[in-house]
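Colleague: Provided herewith is a single structure, encoded as structure tokens, for subsequent inquiry.
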Amino acid sequence: MVLFGFGGEFLEQKRNVPAPEMTTHGKFKCRADNQEYDTREDYEAHCMEEHT
């Protein structure tokens, strides 16, 4: 998993991350496994690690 890459590598992976569902408490919810994250960065890291 690449969190910080050069030459657009991170941006390329980030495009494959589906939009999160937003909860009523302002958290980011993964539609694939219903896990909730406090920040979008945590949500995206989870998706790249677990679902790509």
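We name chains A, B, ... following the order of the structure tokens; residues begin at 1 in each chain, and ligands are numbered from 1 as shown.
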For Gly26 in chain A, work out the shell of residues within 12 Å, counting only C-alpha atoms and skipping chain neighbours fewer than 3 positions away, then give it as a list of chain:residue names.

Modeller: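 Those residues are A:Pro20, A:Glu21, A:Met22, A:Thr23, A:Lys29, A:Glu36, A:Tyr37, A:Asp38, A:Thr39, A:Arg40.
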
Colleague: So that I have them on file, write out the residues from the current selection with N, CA and C atoms, as a compact mmCIF listing (two decimals), in the first residue's frame.

Modeller:
# COMPACT_ATOMS: atom_id res chain seq x y z
N PRO A 20 -17.52 7.42 0.59
CA PRO A 20 -18.05 6.85 1.82
C PRO A 20 -19.49 7.28 2.05
N GLU A 21 -20.17 6.53 2.87
CA GLU A 21 -21.49 6.94 3.36
C GLU A 21 -21.22 7.81 4.58
N MET A 22 -21.88 8.94 4.68
CA MET A 22 -21.69 9.81 5.84
C MET A 22 -22.75 9.46 6.88
N THR A 23 -22.32 9.30 8.12
CA THR A 23 -23.26 8.99 9.19
C THR A 23 -23.84 10.29 9.75
N LYS A 29 -18.42 6.09 6.68
CA LYS A 29 -18.78 4.68 6.80
C LYS A 29 -18.47 3.93 5.51
N GLU A 36 -16.87 2.31 10.56
CA GLU A 36 -16.91 3.77 10.60
C GLU A 36 -15.55 4.33 10.97
N TYR A 37 -15.22 5.48 10.36
CA TYR A 37 -13.93 6.13 10.57
C TYR A 37 -14.15 7.60 10.86
N ASP A 38 -13.31 8.16 11.72
CA ASP A 38 -13.43 9.56 12.13
C ASP A 38 -13.01 10.52 11.02
N THR A 39 -12.02 10.13 10.21
CA THR A 39 -11.53 11.03 9.16
C THR A 39 -11.61 10.35 7.80
N ARG A 40 -11.68 11.16 6.77
CA ARG A 40 -11.70 10.62 5.41
C ARG A 40 -10.38 9.91 5.10

Colleague: For a test of reading the model, state the distance in Å between CA of Glu41 in chain A and CA of His25 in chain A, rounded to one decimal.

Modeller: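 It comes out at 16.8 Å.
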